[in-house]
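Colleague: You'll find query_15.cif just under this line, and it carries mmCIF, C-alpha atoms.
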data_start
loop_
_atom_site.group_PDB
_atom_site.id
_atom_site.type_symbol
_atom_site.label_atom_id
_atom_site.label_comp_id
_atom_site.auth_asym_id
_atom_site.auth_seq_id
_atom_site.Cartn_x
_atom_site.Cartn_y
_atom_site.Cartn_z
ATOM 1 C CA MET A 909 -26.401 -16.189 -15.615
ATOM 2 C CA THR A 910 -25.574 -16.813 -11.983
ATOM 3 C CA VAL A 911 -22.178 -18.020 -10.890
ATOM 4 C CA ILE A 912 -20.284 -18.506 -7.746
ATOM 5 C CA PHE A 913 -17.054 -16.945 -6.557
ATOM 6 C CA VAL A 914 -13.994 -17.573 -4.584
ATOM 7 C CA PRO A 915 -12.546 -16.881 -1.169
ATOM 8 C CA GLY A 916 -10.675 -13.898 -0.120
ATOM 9 C CA ALA A 917 -8.602 -12.661 2.717
ATOM 10 C CA LEU A 918 -8.364 -8.888 3.102
ATOM 11 C CA ARG A 919 -5.168 -7.623 1.527
ATOM 12 C CA ARG A 920 -2.663 -5.786 3.629
ATOM 13 C CA ALA A 921 -2.734 -2.025 3.306
ATOM 14 C CA GLY A 922 0.940 -2.104 2.450
ATOM 15 C CA ALA A 923 0.193 -4.071 -0.691
ATOM 16 C CA LEU A 924 -1.717 -1.177 -2.214
ATOM 17 C CA ALA A 925 1.422 0.697 -3.166
ATOM 18 C CA ALA A 926 2.820 -2.334 -4.960
ATOM 19 C CA THR A 927 -0.565 -2.917 -6.548
ATOM 20 C CA ALA A 928 -0.597 0.565 -8.018
ATOM 21 C CA LEU A 929 2.736 -0.137 -9.709
ATOM 22 C CA LEU A 930 1.664 -3.536 -10.990
ATOM 23 C CA LEU A 931 -1.483 -2.023 -12.438
ATOM 24 C CA THR A 932 0.245 0.797 -14.272
ATOM 25 C CA GLY A 933 -1.349 0.970 -17.688
ATOM 26 C CA CYS A 934 -4.128 -1.333 -16.548
ATOM 27 C CA GLY A 935 -7.796 -0.514 -16.824
ATOM 28 C CA LEU A 936 -8.126 -1.254 -13.126
ATOM 29 C CA SER A 937 -5.332 1.037 -11.991
ATOM 30 C CA ALA A 938 -7.260 4.272 -12.440
ATOM 31 C CA GLU A 939 -10.363 2.828 -10.808
ATOM 32 C CA LEU A 940 -8.482 1.435 -7.803
ATOM 33 C CA GLU A 941 -6.563 4.670 -7.362
ATOM 34 C CA ARG A 942 -9.750 6.731 -7.654
ATOM 35 C CA GLU A 943 -11.428 4.714 -4.902
ATOM 36 C CA THR A 944 -8.369 4.832 -2.644
ATOM 37 C CA ASN A 945 -7.864 8.596 -2.964
ATOM 38 C CA PRO A 946 -11.060 10.240 -4.301
ATOM 39 C CA GLU A 947 -9.954 13.781 -3.347
ATOM 40 C CA ARG A 948 -6.879 13.561 -5.524
ATOM 41 C CA HIS A 949 -8.949 12.619 -8.553
ATOM 42 C CA ARG A 950 -11.734 15.173 -8.137
ATOM 43 C CA PRO A 951 -11.746 17.210 -11.395
ATOM 44 C CA SER A 952 -11.182 20.941 -11.278
ATOM 45 C CA PRO A 953 -13.726 23.336 -12.846
ATOM 46 C CA GLU A 954 -11.342 23.862 -15.757
ATOM 47 C CA ALA A 955 -10.960 20.156 -16.416
ATOM 48 C CA THR A 956 -12.293 18.968 -19.733
ATOM 49 C CA MET A 957 -14.287 15.795 -20.263
ATOM 50 C CA PRO A 958 -12.110 12.828 -21.231
ATOM 51 C CA ALA A 959 -12.366 11.525 -24.764
ATOM 52 C CA PRO A 960 -14.373 8.304 -25.152
ATOM 53 C CA ALA A 961 -12.378 5.071 -25.078
ATOM 54 C CA THR A 962 -11.525 3.836 -28.545
ATOM 55 C CA ASN A 963 -11.206 0.113 -27.869
ATOM 56 C CA GLY A 964 -14.450 -0.514 -26.049
ATOM 57 C CA PRO A 965 -17.574 1.099 -24.588
ATOM 58 C CA ALA A 966 -16.888 4.475 -23.001
ATOM 59 C CA ALA A 967 -17.004 4.529 -19.201
ATOM 60 C CA THR A 968 -19.903 6.514 -17.814
ATOM 61 C CA ASN A 969 -18.964 6.930 -14.161
ATOM 62 C CA GLY A 970 -15.214 6.532 -14.064
ATOM 63 C CA PRO A 971 -11.969 7.108 -15.906
ATOM 64 C CA ALA A 972 -11.223 5.525 -19.243
ATOM 65 C CA ALA A 973 -9.348 2.262 -18.892
ATOM 66 C CA THR A 974 -7.029 0.297 -21.085
ATOM 67 C CA ASN A 975 -7.814 -2.899 -19.176
ATOM 68 C CA ALA A 976 -4.516 -4.755 -19.519
ATOM 69 C CA PRO A 977 -4.013 -7.596 -17.034
ATOM 70 C CA ALA A 978 -2.686 -6.731 -13.573
ATOM 71 C CA THR A 979 0.469 -8.666 -14.335
ATOM 72 C CA GLY A 980 1.716 -10.029 -17.613
ATOM 73 C CA PRO A 981 1.764 -13.773 -18.209
ATOM 74 C CA SER A 982 4.513 -15.413 -16.162
ATOM 75 C CA ASP A 983 6.734 -18.301 -17.204
ATOM 76 C CA ASP A 984 4.453 -20.565 -15.191
ATOM 77 C CA THR A 985 1.474 -19.296 -17.181
ATOM 78 C CA ARG A 986 3.248 -20.198 -20.405
ATOM 79 C CA ARG A 987 3.840 -23.812 -19.388
ATOM 80 C CA CYS A 988 1.345 -26.229 -20.839
ATOM 81 C CA PRO A 989 0.910 -29.374 -18.729
ATOM 82 C CA LYS A 990 -1.519 -30.923 -21.212
ATOM 83 C CA PRO A 991 -3.090 -30.308 -24.635
ATOM 84 C CA GLY A 992 -5.974 -27.870 -24.958
ATOM 85 C CA VAL A 993 -5.979 -24.657 -22.948
ATOM 86 C CA THR A 994 -4.821 -23.887 -19.431
ATOM 87 C CA MET A 995 -6.261 -21.227 -17.110
ATOM 88 C CA SER A 996 -4.030 -19.318 -14.689
ATOM 89 C CA PRO A 997 -5.232 -16.806 -12.071
ATOM 90 C CA GLY A 998 -3.371 -13.556 -11.523
ATOM 91 C CA MET A 999 -2.858 -11.740 -8.238
ATOM 92 C CA VAL A 1000 -5.958 -10.475 -6.437
ATOM 93 C CA THR A 1001 -5.613 -6.724 -5.945
ATOM 94 C CA ALA A 1002 -7.599 -4.586 -3.531
ATOM 95 C CA ALA A 1003 -8.433 -0.934 -2.914
ATOM 96 C CA MET A 1004 -11.142 0.011 -0.432
ATOM 97 C CA GLY A 1005 -14.017 -2.363 -1.229
ATOM 98 C CA LEU A 1006 -13.063 -3.044 -4.850
ATOM 99 C CA ARG A 1007 -11.303 -6.245 -5.859
ATOM 100 C CA ALA A 1008 -9.800 -7.263 -9.196
ATOM 101 C CA MET A 1009 -8.050 -10.253 -10.721
ATOM 102 C CA SER A 1010 -7.029 -11.319 -14.218
ATOM 103 C CA VAL A 1011 -7.284 -14.864 -15.559
ATOM 104 C CA THR A 1012 -4.972 -15.883 -18.402
ATOM 105 C CA MET A 1013 -5.910 -18.592 -20.884
ATOM 106 C CA THR A 1014 -3.024 -20.140 -22.818
ATOM 107 C CA ASN A 1015 -3.342 -22.289 -25.934
ATOM 108 C CA CYS A 1016 -1.410 -25.464 -25.134
ATOM 109 C CA GLY A 1017 -2.326 -27.262 -28.344
ATOM 110 C CA ASP A 1018 -0.449 -27.520 -31.629
ATOM 111 C CA THR A 1019 -3.123 -25.758 -33.692
ATOM 112 C CA ALA A 1020 -4.681 -22.298 -33.512
ATOM 113 C CA ARG A 1021 -7.766 -21.780 -31.346
ATOM 114 C CA GLU A 1022 -10.421 -19.096 -31.578
ATOM 115 C CA VAL A 1023 -12.300 -17.526 -28.685
ATOM 116 C CA LYS A 1024 -14.942 -14.802 -28.702
ATOM 117 C CA GLY A 1025 -16.902 -13.171 -25.916
ATOM 118 C CA TYR A 1026 -16.978 -13.687 -22.176
ATOM 119 C CA PRO A 1027 -15.799 -16.529 -19.949
ATOM 120 C CA ASP A 1028 -18.248 -18.975 -18.361
ATOM 121 C CA ILE A 1029 -17.744 -18.912 -14.596
ATOM 122 C CA ARG A 1030 -19.000 -20.585 -11.440
ATOM 123 C CA VAL A 1031 -17.791 -19.983 -7.867
ATOM 124 C CA ARG A 1032 -17.635 -22.519 -5.049
ATOM 125 C CA GLY A 1033 -16.836 -22.249 -1.369
ATOM 126 C CA LEU A 1034 -14.479 -24.271 0.789
ATOM 127 C CA ASP A 1035 -17.047 -27.070 1.029
ATOM 128 C CA ARG A 1036 -17.444 -27.039 -2.783
ATOM 129 C CA GLU A 1037 -20.975 -25.673 -2.448
ATOM 130 C CA LEU A 1038 -22.012 -23.500 -5.384
ATOM 131 C CA PHE A 1039 -22.399 -19.796 -4.595
ATOM 132 C CA ASP A 1040 -25.366 -17.859 -5.947
ATOM 133 C CA VAL A 1041 -23.063 -15.269 -7.489
ATOM 134 C CA THR A 1042 -24.335 -13.244 -10.436
ATOM 135 C CA VAL A 1043 -21.747 -13.266 -13.205
ATOM 136 C CA LEU A 1044 -22.008 -10.221 -15.458
ATOM 137 C CA LYS A 1045 -21.017 -9.722 -19.083
ATOM 138 C CA GLY A 1046 -19.270 -6.440 -18.476
ATOM 139 C CA THR A 1047 -18.179 -4.737 -15.254
ATOM 140 C CA GLU A 1048 -21.109 -2.484 -14.363
ATOM 141 C CA PRO A 1049 -22.600 -1.996 -11.806
ATOM 142 C CA VAL A 1050 -19.570 -3.346 -9.914
ATOM 143 C CA THR A 1051 -17.347 -0.612 -11.342
ATOM 144 C CA THR A 1052 -16.697 1.194 -14.624
ATOM 145 C CA MET A 1053 -13.805 0.214 -16.831
ATOM 146 C CA ASP A 1054 -13.107 -0.341 -20.488
ATOM 147 C CA ASP A 1055 -14.425 -3.630 -21.874
ATOM 148 C CA PRO A 1056 -13.477 -4.521 -25.475
ATOM 149 C CA GLY A 1057 -16.725 -6.449 -25.888
ATOM 150 C CA PRO A 1058 -17.052 -9.710 -27.822
ATOM 151 C CA HIS A 1059 -14.579 -9.905 -30.682
ATOM 152 C CA ARG A 1060 -12.685 -12.657 -32.465
ATOM 153 C CA VAL A 1061 -9.414 -13.625 -30.793
ATOM 154 C CA VAL A 1062 -7.192 -16.208 -32.489
ATOM 155 C CA LEU A 1063 -4.547 -17.869 -30.322
ATOM 156 C CA ARG A 1064 -1.694 -19.622 -32.036
ATOM 157 C CA PRO A 1065 0.064 -22.404 -30.101
ATOM 158 C CA GLY A 1066 1.584 -20.919 -26.948
ATOM 159 C CA GLU A 1067 -0.314 -17.620 -27.182
ATOM 160 C CA SER A 1068 -2.591 -16.280 -24.453
ATOM 161 C CA ALA A 1069 -5.702 -14.194 -23.872
ATOM 162 C CA TYR A 1070 -6.980 -12.725 -20.613
ATOM 163 C CA THR A 1071 -10.169 -11.609 -18.919
ATOM 164 C CA SER A 1072 -10.434 -9.252 -15.940
ATOM 165 C CA LEU A 1073 -12.722 -10.105 -13.023
ATOM 166 C CA VAL A 1074 -13.964 -7.422 -10.606
ATOM 167 C CA TRP A 1075 -16.117 -7.634 -7.486
ATOM 168 C CA ARG A 1076 -16.921 -5.837 -4.247
ATOM 169 C CA TYR A 1077 -15.934 -7.121 -0.840
ATOM 170 C CA SER A 1078 -18.679 -8.883 1.087
ATOM 171 C CA ALA A 1079 -18.462 -10.061 4.669
ATOM 172 C CA VAL A 1080 -16.478 -13.271 5.049
ATOM 173 C CA ASP A 1081 -16.329 -15.295 8.259
ATOM 174 C CA ALA A 1082 -12.620 -15.486 9.088
ATOM 175 C CA SER A 1083 -12.980 -18.664 11.151
ATOM 176 C CA THR A 1084 -15.074 -20.715 8.718
ATOM 177 C CA ARG A 1085 -14.237 -18.852 5.476
ATOM 178 C CA ARG A 1086 -17.951 -18.770 4.794
ATOM 179 C CA GLY A 1087 -18.614 -16.330 1.958
ATOM 180 C CA SER A 1088 -15.172 -16.820 0.458
ATOM 181 C CA GLY A 1089 -15.013 -18.166 -3.079
ATOM 182 C CA VAL A 1090 -12.177 -20.648 -2.841
ATOM 183 C CA TYR A 1091 -12.678 -22.368 -6.170
ATOM 184 C CA VAL A 1092 -13.468 -20.695 -9.493
ATOM 185 C CA GLU A 1093 -14.592 -22.881 -12.363
ATOM 186 C CA ILE A 1094 -13.938 -21.106 -15.642
ATOM 187 C CA GLY A 1095 -14.446 -22.013 -19.281
ATOM 188 C CA ALA A 1096 -13.521 -20.123 -22.438
ATOM 189 C CA ALA A 1097 -17.224 -19.720 -23.302
ATOM 190 C CA LYS A 1098 -20.616 -21.111 -22.367
ATOM 191 C CA GLY A 1099 -20.626 -24.838 -23.040
ATOM 192 C CA ALA A 1100 -16.830 -25.120 -23.097
ATOM 193 C CA PRO A 1101 -15.092 -27.386 -20.560
ATOM 194 C CA ARG A 1102 -14.389 -25.587 -17.297
ATOM 195 C CA GLN A 1103 -11.147 -25.708 -15.350
ATOM 196 C CA THR A 1104 -10.945 -25.099 -11.603
ATOM 197 C CA ILE A 1105 -8.531 -22.443 -10.395
ATOM 198 C CA GLU A 1106 -7.783 -21.436 -6.812
ATOM 199 C CA PRO A 1107 -6.977 -17.704 -6.597
ATOM 200 C CA ASP A 1108 -4.446 -16.863 -3.905
ATOM 201 C CA GLY A 1109 -6.517 -15.850 -0.888
ATOM 202 C CA GLY A 1110 -9.775 -16.615 -2.654
ATOM 203 C CA LEU A 1111 -12.544 -14.214 -3.662
ATOM 204 C CA ASP A 1112 -14.133 -12.365 -0.736
ATOM 205 C CA ILE A 1113 -17.291 -11.952 -2.780
ATOM 206 C CA GLY A 1114 -19.884 -13.428 -0.427
ATOM 207 C CA GLU A 1115 -22.378 -16.096 -1.398
ATOM 208 C CA THR A 1116 -24.729 -13.775 -3.311
ATOM 209 C CA GLY A 1117 -22.383 -11.171 -4.758
ATOM 210 C CA MET A 1118 -21.853 -9.888 -8.292
ATOM 211 C CA LEU A 1119 -18.819 -10.663 -10.435
ATOM 212 C CA GLY A 1120 -17.998 -8.397 -13.360
ATOM 213 C CA THR A 1121 -16.039 -9.773 -16.314
ATOM 214 C CA THR A 1122 -14.480 -8.403 -19.480
ATOM 215 C CA ALA A 1123 -14.451 -10.137 -22.831
ATOM 216 C CA TRP A 1124 -11.364 -12.163 -23.715
ATOM 217 C CA GLN A 1125 -8.626 -10.162 -25.371
ATOM 218 C CA LYS A 1126 -5.128 -10.954 -26.562
ATOM 219 C CA SER A 1127 -2.388 -10.727 -23.958
ATOM 220 C CA PRO A 1128 -0.161 -7.713 -24.718
ATOM 221 C CA SER A 1129 2.986 -9.791 -25.260
ATOM 222 C CA ASP A 1130 1.163 -11.832 -27.917
ATOM 223 C CA ASP A 1131 -0.189 -8.914 -29.939
ATOM 224 C CA ASP A 1132 0.877 -9.025 -33.571
#
Please re-express this file's structure in structure tokens.
Modeller:
Amino acid sequence: MTVIFVPGALRRAGALAATALLLTGCGLSAELERETNPERHRPSPEATMPAPATNGPAATNGPAATNAPATGPSDDTRRCPKPGVTMSPGMVTAAMGLRAMSVTMTNCGDTAREVKGYPDIRVRGLDRELFDVTVLKGTEPVTTMDDPGPHRVVLRPGESAYTSLVWRYSAVDASTRRGSGVYVEIGAAKGAPRQTIEPDGGLDIGETGMLGTTAWQKSPSDDD
């Protein structure tokens, strides 16, 4: 499935330190840190192979990841302006050429909702033109991180689930914002209604990039 992704301004180097803290315990934290400082994470001859991840496919080229969202759902995320579900983008984080962002889906209805699998996504530029972005079910070959895979997630009223999006930086024209995915249209699954979100700074994915996704999973604060 091909989709299109949003704009992005390069993040300030100073933000990386804060990002590392925000991503503590996140599946992206180890990957971002590894790319920022590869020497520090080079295994010694005595190092043993890590155990396979238990909550998703084992990573083949990178560290195991727990894949929690970069930031937990905020109070704004919890607000439900209308019935149905609401989609809220998290902060875009950056390390070297790797980018990551979580999207939180909150059940704003008065009955339980079920979701299973991966989000349905399209990316549009500033002029609303659709980008020829390839949306992946999983995160490879963009990067390697734990993906729980399709599984049944039941959201009671007010509860949330999240997906993680990852991509690599592609050249963006600073003057025209060409190549920047400003608008992301996302649905809970293929065929479900899409909502348009505008990530802060956009997705600097280019017009023909690849966007990795993880399957929906329950937000940590909503786990039973």
Colleague: Residues within 7 Å of A:Thr1104, please, as a PyMOL selection string. Count all atoms listed in the file; anything in the same chain fewer than 4 positions from it doesn't count.
Modeller: chain A and resi 1091-1094
Colleague: Expressed in Å to a single decimal, how great is the separation between atom CA of A:Ala1003 and atom CA of A:Ile1105?
Modeller: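 Interatomic distance here is 22.8 Å.
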Colleague: So which residues get picked by the PyMOL selection byres ((chain A and resi 1072-1087) around 8) here, written as a VMD selection string?
Modeller: chain A and resid 915 to 916 975 977 1005 to 1011 1033 to 1034 1047 1050 to 1051 1070 to 1071 1088 to 1089 1112 to 1115 1117 to 1122
Colleague: Any chance you can output those residues with C-alpha atoms as a PDB file, keeping the file's coordinate frame?
Modeller:
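The resulting file, out34.pdb, is shown below:
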ATOM      1  CA  PRO A 915     -12.546 -16.881  -1.169  1.00  0.00           C
ATOM      2  CA  GLY A 916     -10.675 -13.898  -0.120  1.00  0.00           C
ATOM      3  CA  ASN A 975      -7.814  -2.899 -19.176  1.00  0.00           C
ATOM      4  CA  PRO A 977      -4.013  -7.596 -17.034  1.00  0.00           C
ATOM      5  CA  GLY A1005     -14.017  -2.363  -1.229  1.00  0.00           C
ATOM      6  CA  LEU A1006     -13.063  -3.044  -4.850  1.00  0.00           C
ATOM      7  CA  ARG A1007     -11.303  -6.245  -5.859  1.00  0.00           C
ATOM      8  CA  ALA A1008      -9.800  -7.263  -9.196  1.00  0.00           C
ATOM      9  CA  MET A1009      -8.050 -10.253 -10.721  1.00  0.00           C
ATOM     10  CA  SER A1010      -7.029 -11.319 -14.218  1.00  0.00           C
ATOM     11  CA  VAL A1011      -7.284 -14.864 -15.559  1.00  0.00           C
ATOM     12  CA  GLY A1033     -16.836 -22.249  -1.369  1.00  0.00           C
ATOM     13  CA  LEU A1034     -14.479 -24.271   0.789  1.00  0.00           C
ATOM     14  CA  THR A1047     -18.179  -4.737 -15.254  1.00  0.00           C
ATOM     15  CA  VAL A1050     -19.570  -3.346  -9.914  1.00  0.00           C
ATOM     16  CA  THR A1051     -17.347  -0.612 -11.342  1.00  0.00           C
ATOM     17  CA  TYR A1070      -6.980 -12.725 -20.613  1.00  0.00           C
ATOM     18  CA  THR A1071     -10.169 -11.609 -18.919  1.00  0.00           C
ATOM     19  CA  SER A1088     -15.172 -16.820   0.458  1.00  0.00           C
ATOM     20  CA  GLY A1089     -15.013 -18.166  -3.079  1.00  0.00           C
ATOM     21  CA  ASP A1112     -14.133 -12.365  -0.736  1.00  0.00           C
ATOM     22  CA  ILE A1113     -17.291 -11.952  -2.780  1.00  0.00           C
ATOM     23  CA  GLY A1114     -19.884 -13.428  -0.427  1.00  0.00           C
ATOM     24  CA  GLU A1115     -22.378 -16.096  -1.398  1.00  0.00           C
ATOM     25  CA  GLY A1117     -22.383 -11.171  -4.758  1.00  0.00           C
ATOM     26  CA  MET A1118     -21.853  -9.888  -8.292  1.00  0.00           C
ATOM     27  CA  LEU A1119     -18.819 -10.663 -10.435  1.00  0.00           C
ATOM     28  CA  GLY A1120     -17.998  -8.397 -13.360  1.00  0.00           C
ATOM     29  CA  THR A1121     -16.039  -9.773 -16.314  1.00  0.00           C
ATOM     30  CA  THR A1122     -14.480  -8.403 -19.480  1.00  0.00           C
TER      31      THR A1122
END
Colleague: Work out how far apart atom CA of A:Ile1029 and atom CA of A:Gly1066 are and give it in Å to one decimal.
Modeller: 23.0 Å
Colleague: Which residues match the PyMOL selection byres ((chain A and resi 1067) around 7) in the file above, as an NGL selection string?
Modeller: :A and (1014-1015 or 1063-1066 or 1068 or 1130)
Colleague: Which neighbours of A:Thr1012 fall inside 6 Å, counting all atoms listed in the file, when residues of the same chain fewer than 5 positions from it are skipped, and could you give them as an mmCIF file with C-alpha atoms, in the coordinates of the input?
Modeller:
data_model
loop_
_atom_site.group_PDB
_atom_site.id
_atom_site.type_symbol
_atom_site.label_atom_id
_atom_site.label_comp_id
_atom_site.auth_asym_id
_atom_site.auth_seq_id
_atom_site.Cartn_x
_atom_site.Cartn_y
_atom_site.Cartn_z
ATOM 1 C CA MET A 995 -6.261 -21.227 -17.110
ATOM 2 C CA SER A 996 -4.030 -19.318 -14.689
ATOM 3 C CA ALA A 1069 -5.702 -14.194 -23.872
ATOM 4 C CA TYR A 1070 -6.980 -12.725 -20.613
#
